[in-house]
Structure formats: C-alpha cells, structure tokens
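Enquirer: Next comes the structure file work_33.csv, holding CSV, C-alpha atoms and all ligand atoms.
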chain,number,residue,atom,x,y,z
F,4,MET,CA,7.3,192.3,-82.6
F,5,LYS,CA,4.8,191.1,-80.1
F,6,ARG,CA,1.9,193.4,-79.4
F,7,PRO,CA,-0.2,193.9,-76.2
F,8,ALA,CA,-3.9,193.0,-76.4
F,9,ILE,CA,-7.1,194.0,-74.6
F,10,PHE,CA,-9.2,190.9,-74.2
F,11,LEU,CA,-12.9,191.7,-74.0
F,12,ASP,CA,-15.6,189.5,-72.8
F,13,ARG,CA,-18.7,190.0,-74.9
F,14,ASP,CA,-21.9,189.5,-72.9
F,15,GLY,CA,-22.2,192.1,-70.2
F,16,VAL,CA,-19.3,194.1,-71.7
F,17,ILE,CA,-20.2,194.9,-75.4
F,18,ILE,CA,-23.8,193.7,-75.3
F,19,GLU,CA,-26.1,193.0,-72.4
F,20,ASN,CA,-25.8,189.7,-70.6
F,21,ARG,CA,-28.9,187.5,-70.4
F,22,ALA,CA,-29.3,184.9,-67.7
F,23,ASP,CA,-31.2,182.7,-70.1
F,24,TYR,CA,-28.6,182.9,-72.8
F,25,ILE,CA,-28.4,184.7,-76.1
F,26,LEU,CA,-30.0,182.4,-78.6
F,27,SER,CA,-30.9,184.7,-81.4
F,28,TRP,CA,-30.2,188.2,-82.6
F,29,ASP,CA,-33.5,189.2,-81.0
F,30,ASP,CA,-31.8,188.6,-77.6
F,31,VAL,CA,-29.0,191.0,-78.4
F,32,GLU,CA,-29.0,194.4,-76.8
F,33,VAL,CA,-25.9,196.3,-77.9
F,34,PHE,CA,-24.3,198.7,-75.3
F,35,ASP,CA,-24.0,201.7,-77.6
F,36,PHE,CA,-21.6,203.3,-75.0
F,37,SER,CA,-19.3,200.3,-75.4
F,38,VAL,CA,-19.3,200.5,-79.2
F,39,GLN,CA,-18.5,204.2,-79.0
F,40,ALA,CA,-15.8,203.7,-76.5
F,41,LEU,CA,-14.1,201.1,-78.8
F,42,ALA,CA,-14.3,203.5,-81.7
F,43,ASN,CA,-12.5,206.1,-79.6
F,44,CYS,CA,-9.5,203.9,-79.0
F,45,ALA,CA,-9.3,202.2,-82.4
F,46,ASP,CA,-5.9,203.7,-83.2
F,47,SER,CA,-4.2,202.4,-80.0
F,48,GLU,CA,-1.3,200.0,-80.0
F,49,TYR,CA,-3.5,197.3,-78.4
F,50,LEU,CA,-5.1,194.5,-80.3
F,51,PHE,CA,-8.7,194.0,-79.4
F,52,VAL,CA,-9.8,190.4,-79.0
F,53,ILE,CA,-13.2,189.1,-78.0
F,54,VAL,CA,-13.2,186.0,-75.9
F,55,THR,CA,-16.7,184.6,-75.1
F,56,ASN,CA,-18.1,181.5,-73.5
F,57,GLN,CA,-21.2,180.3,-75.4
F,58,SER,CA,-22.3,177.2,-73.5
F,59,PRO,CA,-25.8,177.2,-75.1
F,60,VAL,CA,-24.0,175.5,-78.0
F,61,GLY,CA,-22.6,172.7,-75.8
F,62,ARG,CA,-25.9,172.5,-74.0
F,63,GLY,CA,-27.7,171.8,-77.3
F,64,LEU,CA,-29.7,175.0,-77.3
F,65,LEU,CA,-27.9,176.8,-80.1
F,66,ALA,CA,-26.2,175.7,-83.3
F,67,LEU,CA,-22.5,176.6,-83.5
F,68,GLU,CA,-23.0,178.4,-86.8
F,69,ASP,CA,-25.8,180.5,-85.2
F,70,ALA,CA,-23.5,181.4,-82.3
F,71,GLN,CA,-20.9,182.4,-84.8
F,72,SER,CA,-23.2,184.4,-86.8
F,73,ILE,CA,-24.5,186.3,-83.8
F,74,ASN,CA,-20.9,186.9,-82.8
F,75,ASN,CA,-19.9,188.1,-86.3
F,76,ARG,CA,-22.8,190.5,-86.2
F,77,VAL,CA,-21.6,192.0,-82.9
F,78,VAL,CA,-18.1,192.4,-84.4
F,79,GLN,CA,-19.5,194.0,-87.5
F,80,ILE,CA,-21.4,196.5,-85.5
F,81,VAL,CA,-18.3,197.5,-83.6
F,82,ARG,CA,-16.4,197.8,-86.9
F,83,GLU,CA,-19.2,199.8,-88.7
F,84,ASN,CA,-19.0,202.3,-85.9
F,85,GLY,CA,-15.3,202.8,-86.2
F,86,GLY,CA,-14.0,200.3,-83.6
F,87,ARG,CA,-11.4,197.7,-84.3
F,88,ILE,CA,-11.7,194.0,-83.4
F,89,ASP,CA,-8.6,192.0,-84.3
F,90,GLY,CA,-9.9,188.6,-83.2
F,91,ALA,CA,-12.9,186.9,-81.8
F,92,TYR,CA,-13.0,183.6,-80.1
F,93,ILE,CA,-15.9,181.5,-79.0
F,94,CYS,CA,-15.8,178.6,-76.5
F,95,PRO,CA,-18.9,176.5,-77.6
F,96,HIS,CA,-18.5,174.0,-74.8
F,97,ALA,CA,-20.7,173.2,-71.8
F,98,PRO,CA,-19.0,173.0,-68.4
F,99,ILE,CA,-19.4,169.2,-68.5
F,100,ASP,CA,-17.1,169.1,-71.5
F,101,ALA,CA,-14.2,170.2,-69.3
F,102,CYS,CA,-12.4,171.9,-72.2
F,103,ASP,CA,-9.4,174.2,-71.9
F,104,CYS,CA,-11.1,177.1,-73.6
F,105,ARG,CA,-14.1,177.8,-71.4
F,106,LYS,CA,-13.3,180.7,-69.0
F,107,PRO,CA,-12.0,180.6,-66.3
F,108,ASN,CA,-9.6,178.5,-68.3
F,109,PRO,CA,-7.2,180.6,-70.4
F,110,GLY,CA,-7.4,178.6,-73.6
F,111,MET,CA,-9.0,181.3,-75.8
F,112,LEU,CA,-6.5,183.9,-74.6
F,113,LEU,CA,-3.5,181.5,-75.2
F,114,GLN,CA,-4.8,180.6,-78.7
F,115,ALA,CA,-5.2,184.3,-79.5
F,116,ALA,CA,-1.7,185.0,-78.2
F,117,ALA,CA,-0.3,182.3,-80.4
F,118,GLU,CA,-2.2,183.4,-83.5
F,119,HIS,CA,-1.8,187.1,-83.2
F,120,ASP,CA,1.7,187.3,-81.6
F,121,ILE,CA,0.4,188.9,-78.5
F,122,ASP,CA,2.5,189.8,-75.5
F,123,LEU,CA,0.4,188.5,-72.7
F,124,ASN,CA,2.6,190.2,-70.0
F,125,GLN,CA,1.5,193.5,-71.4
F,126,SER,CA,-2.1,192.6,-72.0
F,127,ILE,CA,-5.4,193.4,-70.2
F,128,MET,CA,-8.5,191.3,-69.6
F,129,ILE,CA,-11.8,193.1,-69.2
F,130,GLY,CA,-14.9,191.3,-68.1
F,131,ASP,CA,-18.0,191.3,-66.0
F,132,ALA,CA,-17.5,188.0,-64.3
F,133,LEU,CA,-15.0,186.4,-61.9
F,134,SER,CA,-14.4,183.7,-64.5
F,135,ASP,CA,-13.1,186.4,-66.8
F,136,LEU,CA,-10.7,187.7,-64.2
F,137,GLU,CA,-9.5,184.2,-63.5
F,138,ALA,CA,-9.0,183.4,-67.2
F,139,GLY,CA,-6.9,186.6,-67.5
F,140,LYS,CA,-4.9,185.7,-64.4
F,141,ARG,CA,-4.2,182.1,-65.7
F,142,ALA,CA,-3.1,183.5,-69.0
F,143,GLY,CA,-0.7,185.7,-67.2
F,144,VAL,CA,-2.0,189.1,-68.4
F,145,ALA,CA,-0.8,192.2,-66.7
F,146,HIS,CA,-4.2,193.6,-65.5
F,147,CYS,CA,-7.7,192.2,-65.1
F,148,LEU,CA,-10.4,194.8,-64.9
F,149,MET,CA,-13.9,194.1,-63.8
F,150,LEU,CA,-17.0,195.9,-65.1
F,151,LEU,CA,-20.2,196.4,-63.2
F,152,THR,CA,-22.3,196.1,-66.3
F,153,GLY,CA,-23.9,192.7,-67.1
F,154,ARG,CA,-23.3,190.3,-64.3
F,155,GLY,CA,-20.6,192.5,-62.8
F,156,ALA,CA,-22.5,194.1,-59.9
F,157,GLU,CA,-23.9,190.7,-58.8
F,158,GLN,CA,-20.6,188.9,-59.2
F,159,ALA,CA,-18.7,191.5,-57.2
F,160,LYS,CA,-20.8,190.6,-54.2
F,161,LEU,CA,-20.1,186.9,-54.3
F,162,PRO,CA,-18.0,185.4,-51.5
F,163,GLU,CA,-15.5,184.3,-54.1
F,164,ALA,CA,-15.0,187.9,-55.2
F,165,GLU,CA,-12.8,188.3,-52.1
F,166,SER,CA,-10.0,186.6,-53.9
F,167,TYR,CA,-10.2,189.4,-56.6
F,168,LYS,CA,-10.6,192.3,-54.2
F,169,ASP,CA,-7.5,194.0,-55.6
F,170,VAL,CA,-9.0,194.0,-59.1
F,171,LEU,CA,-10.0,197.5,-60.3
F,172,LYS,CA,-13.8,197.8,-60.9
F,173,PHE,CA,-15.4,200.2,-63.4
F,174,LYS,CA,-18.9,201.2,-64.1
F,175,ASN,CA,-18.7,200.2,-67.7
F,176,LEU,CA,-16.4,199.6,-70.6
F,177,PRO,CA,-15.9,203.3,-71.5
F,178,GLU,CA,-14.7,204.0,-67.9
F,179,ALA,CA,-12.2,201.1,-68.0
F,180,LEU,CA,-10.9,202.1,-71.4
F,181,ASN,CA,-10.6,205.7,-70.3
F,182,TRP,CA,-8.5,204.5,-67.3
F,183,ILE,CA,-6.2,202.5,-69.6
F,184,PHE,CA,-5.8,205.3,-72.2
F,185,SER,CA,-5.7,208.3,-69.9
F,186,GLY,CA,-2.2,207.1,-68.8
F,187,LYS,CA,-3.3,205.9,-65.3
F,188,LEU,CA,-2.2,202.4,-66.3
F,189,SER,CA,1.2,201.6,-64.8
F,190,LYS,CA,3.0,198.9,-66.9
F,201,ZN,ZN,-14.3,175.4,-74.6
Let me see the structure of the file written as structure tokens.
Expert:
Amino acid sequence: MKRPAIFLDRDGVIIENRADYILSWDDVEVFDFSVQALANCADSEYLFVIVTNQSPVGRGLLALEDAQSINNRVVQIVRENGGRIDGAYICPHAPIDACDCRKPNPGMLLQAAAEHDIDLNQSIMIGDALSDLEAGKRAGVAHCLMLLTGRGAEQAKLPEAESYKDVLKFKNLPEALNWIFSGKLSK
C-alpha cells in the first residue's frame, strides 16, 4: 500500500542555510529544535524524505562524495536523536545543467515516490524557499508548507511569493509538524 510522505528540504529546515554554501561539516549548524521535532513524530504514518539541492557540487566547489558525507551525517544526527529519515536525495547539479531534479523541478520527489511507493496526493512538502513550494506543487503533493527559518523570511517577501500567498507559513519545523500532527491538517 502506498504511504504518504513528508518531504523536507535540508538547508534552512533541519540545519541553518548558508548563502555561501555548505562546503564542509564546519559550515553545518544543526537546528536542535528540528531534530527534536522529528523525533517527536517518528512513529507517524508518514515517510520522511530529505530532498536537497547541492549546486556547489555542480559548480565545482564540492566533491559529490563530500556532499553525500555531509548529508549522511545530518541524517545520522536525526536518527541518533530518535528521528526517522526514510530517504535522502541530493541534486548535485548547477542551474546551468538544466536537470530534472534541481528544485523547483520535482525530480527528487518523483524518484522518491517511485522508490518508496509514496502516495504523492497525500504527501506534504516543507521548505524555506519558493523553489521548494514549487517542486512540491509540480510533484502534485497535497500541501506545501513554508518555514520562516533559513531563507524563508526573506523569500516570503519576494514579489514571486505572491503566487504562493495561500501557502501556510510557520516559524520553524516544529510548528509545521505540530500543525500536521495536531489534526489541523484537512486531507
Ligand atoms: Zn539535479
């Protein structure tokens, strides 16, 4: 049976976003409140899937294996603290590569859906950028939620944000997850 998923952007959602990219573990600042929030809903019916754009790889600033190792370490921290991550996808491409996986394209969500038997119609995308919301929309998820952590506060003020004005915004990941799991979510 297909299961619903919560797709999570990584930078600005689980760890702090950096304008100049995360190029090593020293650049990583984990949001402890996000890690804790993921632990609190680990027994839910949803699969938890990270979908992250890592263009520094495509831009030649970071080796793919290093990007993967940073990502694995983030996943490991969530798991060590009791959270569940069922899948993690990286788009290593630069915008110039015009790939299908770089958000706002839905490639990572579609791949995850195929590999994990996910019901996209019942799934949720959570991110701090308009490109996350757009990727969720293009993948056909039920809800896209915007966080004001990371780039969120800044992105919400962009003129393009007007197209996403009906999207619910939350202070951070705990508040968004709380909204989902406190039964306010109408399917
Ligand atoms: Zn890509």
Enquirer: Hey, which bits of chain F sit within 8 Å of ligand ZN 201 (chain F), and for each residue what's the closest pair of atoms and how far apart in Å (one decimal), counting all atoms listed in the file, rows by chain and increasing number, as CSV?
Expert:
residue,atom,partner,partner_atom,distance
F:Asn56,CA,F:ZN201,ZN,7.3
F:Ile93,CA,F:ZN201,ZN,7.7
F:Cys94,CA,F:ZN201,ZN,4.0
F:Pro95,CA,F:ZN201,ZN,5.6
F:His96,CA,F:ZN201,ZN,4.4
F:Ala97,CA,F:ZN201,ZN,7.3
F:Asp100,CA,F:ZN201,ZN,7.6
F:Ala101,CA,F:ZN201,ZN,7.4
F:Cys102,CA,F:ZN201,ZN,4.6
F:Asp103,CA,F:ZN201,ZN,5.7
F:Cys104,CA,F:ZN201,ZN,3.8
F:Arg105,CA,F:ZN201,ZN,4.0
F:Lys106,CA,F:ZN201,ZN,7.8
F:Gly110,CA,F:ZN201,ZN,7.7
Enquirer: In Å, rounded to a single decimal, give me how far atom CA of Pro162 of chain F is from atom CA of Gln125 of chain F.
Expert: 29.0 Å
Enquirer: Nearest to Arg87 of chain F: which of F:Gln114, F:Ser72, F:Ser47, F:Ser126 is it, counting all atoms listed in the file?
Expert: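 Nearest to Arg87 of chain F: F:Ser47.
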Enquirer: Have a look at F:Glu32, F:Tyr49, F:Pro7, F:Gly15 and name the one nearest to Leu151 of chain F; count only C-alpha atoms.
Expert: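 Of all the options, F:Gly15 lies closest to Leu151 of chain F.
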Enquirer: Have a look at F:Ala45, F:Val16, F:Leu112, F:Ile88 and name the one nearest to Gly139 of chain F; count all atoms listed in the file.
Expert: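 Closest to Gly139 of chain F, using all atoms listed in the file: F:Leu112.
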Enquirer: Could you check how far atom CA of Val31 of chain F sits from atom CA of Leu50 of chain F, in Å to one decimal?
Expert: 24.2 Å
Enquirer: So that I can see what lies close to Met128 of chain F, please list as a PDB file with C-alpha atoms, in the coordinates of the input the residues with an atom at most 9 Å from it, counting all atoms listed in the file and leaving out residues fewer than 4 positions away in the same chain.
Expert:
ATOM      1  CA  ALA F   8      -3.900 193.000 -76.400  1.00  0.00           C
ATOM      2  CA  ILE F   9      -7.100 194.000 -74.600  1.00  0.00           C
ATOM      3  CA  PHE F  10      -9.200 190.900 -74.200  1.00  0.00           C
ATOM      4  CA  LEU F  11     -12.900 191.700 -74.000  1.00  0.00           C
ATOM      5  CA  ASP F  12     -15.600 189.500 -72.800  1.00  0.00           C
ATOM      6  CA  ASP F 135     -13.100 186.400 -66.800  1.00  0.00           C
ATOM      7  CA  LEU F 136     -10.700 187.700 -64.200  1.00  0.00           C
ATOM      8  CA  ALA F 138      -9.000 183.400 -67.200  1.00  0.00           C
ATOM      9  CA  GLY F 139      -6.900 186.600 -67.500  1.00  0.00           C
ATOM     10  CA  LYS F 140      -4.900 185.700 -64.400  1.00  0.00           C
ATOM     11  CA  VAL F 144      -2.000 189.100 -68.400  1.00  0.00           C
ATOM     12  CA  ALA F 145      -0.800 192.200 -66.700  1.00  0.00           C
ATOM     13  CA  HIS F 146      -4.200 193.600 -65.500  1.00  0.00           C
ATOM     14  CA  CYS F 147      -7.700 192.200 -65.100  1.00  0.00           C
ATOM     15  CA  LEU F 148     -10.400 194.800 -64.900  1.00  0.00           C
ATOM     16  CA  MET F 149     -13.900 194.100 -63.800  1.00  0.00           C
TER      17      MET F 149
END
Enquirer: What is the atom CA of Gly143 of chain F to atom CA of Asp89 of chain F distance in Å?
Expert: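 Pair atom CA of Gly143 of chain F / atom CA of Asp89 of chain F returns 19.9 Å.
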Enquirer: Name the closest residue to Asp29 of chain F among the candidates F:Arg76, F:Arg13, F:Arg141, F:Gly63; distances are taken between atoms, counting only C-alpha atoms.
Expert: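 Result for the nearest residue to Asp29 of chain F: F:Arg76.
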Enquirer: Of the candidates F:Leu65, F:Lys160, F:Thr55, F:Ala22, which shows the shortest atom-to-atom distance to Tyr92 of chain F, using only C-alpha atoms?
Expert: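 Closest candidate: F:Thr55.
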Enquirer: Just checking: using only C-alpha atoms, which residue out of F:Ser27, F:Asn43, F:Asn84, F:Ser185 ends up closest to Leu67 of chain F?
Expert: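 Nearest to Leu67 of chain F: F:Ser27.
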Enquirer: Quick one: everything within 9 Å of Ala142 of chain F, counting all atoms listed in the file, minus sequence neighbours fewer than 6 positions away in the same chain. Send it as number ranges by chain.
Expert: F: 108-110, 112-113, 123-124
Enquirer: Using C-alpha atoms, can you export the residues from the last selection as a short mmCIF file (atom, residue, chain, number, x, y, z; two decimals), keeping the file's coordinate frame?
Expert:
data_model
loop_
_atom_site.label_atom_id
_atom_site.label_comp_id
_atom_site.auth_asym_id
_atom_site.auth_seq_id
_atom_site.Cartn_x
_atom_site.Cartn_y
_atom_site.Cartn_z
CA ASN F 108 -9.60 178.50 -68.30
CA PRO F 109 -7.20 180.60 -70.40
CA GLY F 110 -7.40 178.60 -73.60
CA LEU F 112 -6.50 183.90 -74.60
CA LEU F 113 -3.50 181.50 -75.20
CA LEU F 123 0.40 188.50 -72.70
CA ASN F 124 2.60 190.20 -70.00
#
Enquirer: Extract, using all atoms listed in the file, all DNA, RNA and protein residues at most 12 Å from Ala156 of chain F, discarding same-chain residues fewer than 4 positions from it, and format them as a ChimeraX atom specification.
Expert: /F:15,130-133,149-152,160-161,164,172-175
Enquirer: With all atoms of segment 28-41 of chain F from the file as input, state the centre and edge lengths in Å to one decimal of the axis-aligned box that has 5 Å extra on each side, as JSON.
Expert:
{"center_x": -23.8, "center_y": 196.2, "center_z": -78.8, "size_x": 29.4, "size_y": 26.0, "size_z": 17.6}
Enquirer: Can I get segment 94-114 of chain F with N, CA and C atoms filled in, as an mmCIF file, keeping the file's coordinate frame?
Expert:
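What follows is the written file rebuild.cif:
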data_model
loop_
_atom_site.group_PDB
_atom_site.id
_atom_site.type_symbol
_atom_site.label_atom_id
_atom_site.label_comp_id
_atom_site.auth_asym_id
_atom_site.auth_seq_id
_atom_site.Cartn_x
_atom_site.Cartn_y
_atom_site.Cartn_z
ATOM 1 N N CYS F 94 -15.870 179.943 -77.087
ATOM 2 C CA CYS F 94 -15.800 178.600 -76.500
ATOM 3 C C CYS F 94 -17.266 178.068 -76.604
ATOM 4 N N PRO F 95 -17.502 177.022 -77.402
ATOM 5 C CA PRO F 95 -18.900 176.500 -77.600
ATOM 6 C C PRO F 95 -19.223 175.417 -76.586
ATOM 7 N N HIS F 96 -18.319 175.126 -75.666
ATOM 8 C CA HIS F 96 -18.500 174.000 -74.800
ATOM 9 C C HIS F 96 -19.374 174.225 -73.588
ATOM 10 N N ALA F 97 -19.957 173.160 -73.069
ATOM 11 C CA ALA F 97 -20.700 173.200 -71.800
ATOM 12 C C ALA F 97 -19.664 172.886 -70.689
ATOM 13 N N PRO F 98 -19.971 173.275 -69.451
ATOM 14 C CA PRO F 98 -19.000 173.000 -68.400
ATOM 15 C C PRO F 98 -18.655 171.496 -68.293
ATOM 16 N N ILE F 99 -19.602 170.630 -68.584
ATOM 17 C CA ILE F 99 -19.400 169.200 -68.500
ATOM 18 C C ILE F 99 -18.295 168.704 -69.460
ATOM 19 N N ASP F 100 -18.072 169.465 -70.521
ATOM 20 C CA ASP F 100 -17.100 169.100 -71.500
ATOM 21 C C ASP F 100 -15.635 169.224 -70.983
ATOM 22 N N ALA F 101 -15.478 169.983 -69.886
ATOM 23 C CA ALA F 101 -14.200 170.200 -69.300
ATOM 24 C C ALA F 101 -13.090 170.543 -70.307
ATOM 25 N N CYS F 102 -13.395 171.514 -71.146
ATOM 26 C CA CYS F 102 -12.400 171.900 -72.200
ATOM 27 C C CYS F 102 -11.407 172.893 -71.588
ATOM 28 N N ASP F 103 -10.421 173.237 -72.397
ATOM 29 C CA ASP F 103 -9.400 174.200 -71.900
ATOM 30 C C ASP F 103 -9.778 175.628 -72.272
ATOM 31 N N CYS F 104 -10.807 175.791 -73.121
ATOM 32 C CA CYS F 104 -11.100 177.100 -73.600
ATOM 33 C C CYS F 104 -12.182 177.863 -72.795
ATOM 34 N N ARG F 105 -13.048 177.131 -72.127
ATOM 35 C CA ARG F 105 -14.100 177.800 -71.400
ATOM 36 C C ARG F 105 -13.497 178.567 -70.194
ATOM 37 N N LYS F 106 -13.751 179.895 -70.173
ATOM 38 C CA LYS F 106 -13.300 180.700 -69.000
ATOM 39 C C LYS F 106 -13.940 180.111 -67.762
ATOM 40 N N PRO F 107 -13.271 179.932 -66.656
ATOM 41 C CA PRO F 107 -12.000 180.600 -66.300
ATOM 42 C C PRO F 107 -10.724 179.965 -66.839
ATOM 43 N N ASN F 108 -10.828 178.979 -67.711
ATOM 44 C CA ASN F 108 -9.600 178.500 -68.300
ATOM 45 C C ASN F 108 -9.080 179.498 -69.331
ATOM 46 N N PRO F 109 -7.784 179.507 -69.567
ATOM 47 C CA PRO F 109 -7.200 180.600 -70.400
ATOM 48 C C PRO F 109 -7.064 180.199 -71.872
ATOM 49 N N GLY F 110 -7.664 179.083 -72.304
ATOM 50 C CA GLY F 110 -7.400 178.600 -73.600
ATOM 51 C C GLY F 110 -7.621 179.556 -74.781
ATOM 52 N N MET F 111 -8.695 180.333 -74.713
ATOM 53 C CA MET F 111 -9.000 181.300 -75.800
ATOM 54 C C MET F 111 -7.904 182.371 -75.850
ATOM 55 N N LEU F 112 -7.474 182.810 -74.674
ATOM 56 C CA LEU F 112 -6.500 183.900 -74.600
ATOM 57 C C LEU F 112 -5.119 183.334 -75.133
ATOM 58 N N LEU F 113 -4.813 182.085 -74.770
ATOM 59 C CA LEU F 113 -3.500 181.500 -75.200
ATOM 60 C C LEU F 113 -3.547 181.269 -76.712
ATOM 61 N N GLN F 114 -4.676 180.824 -77.223
ATOM 62 C CA GLN F 114 -4.800 180.600 -78.700
ATOM 63 C C GLN F 114 -4.648 181.948 -79.415
#
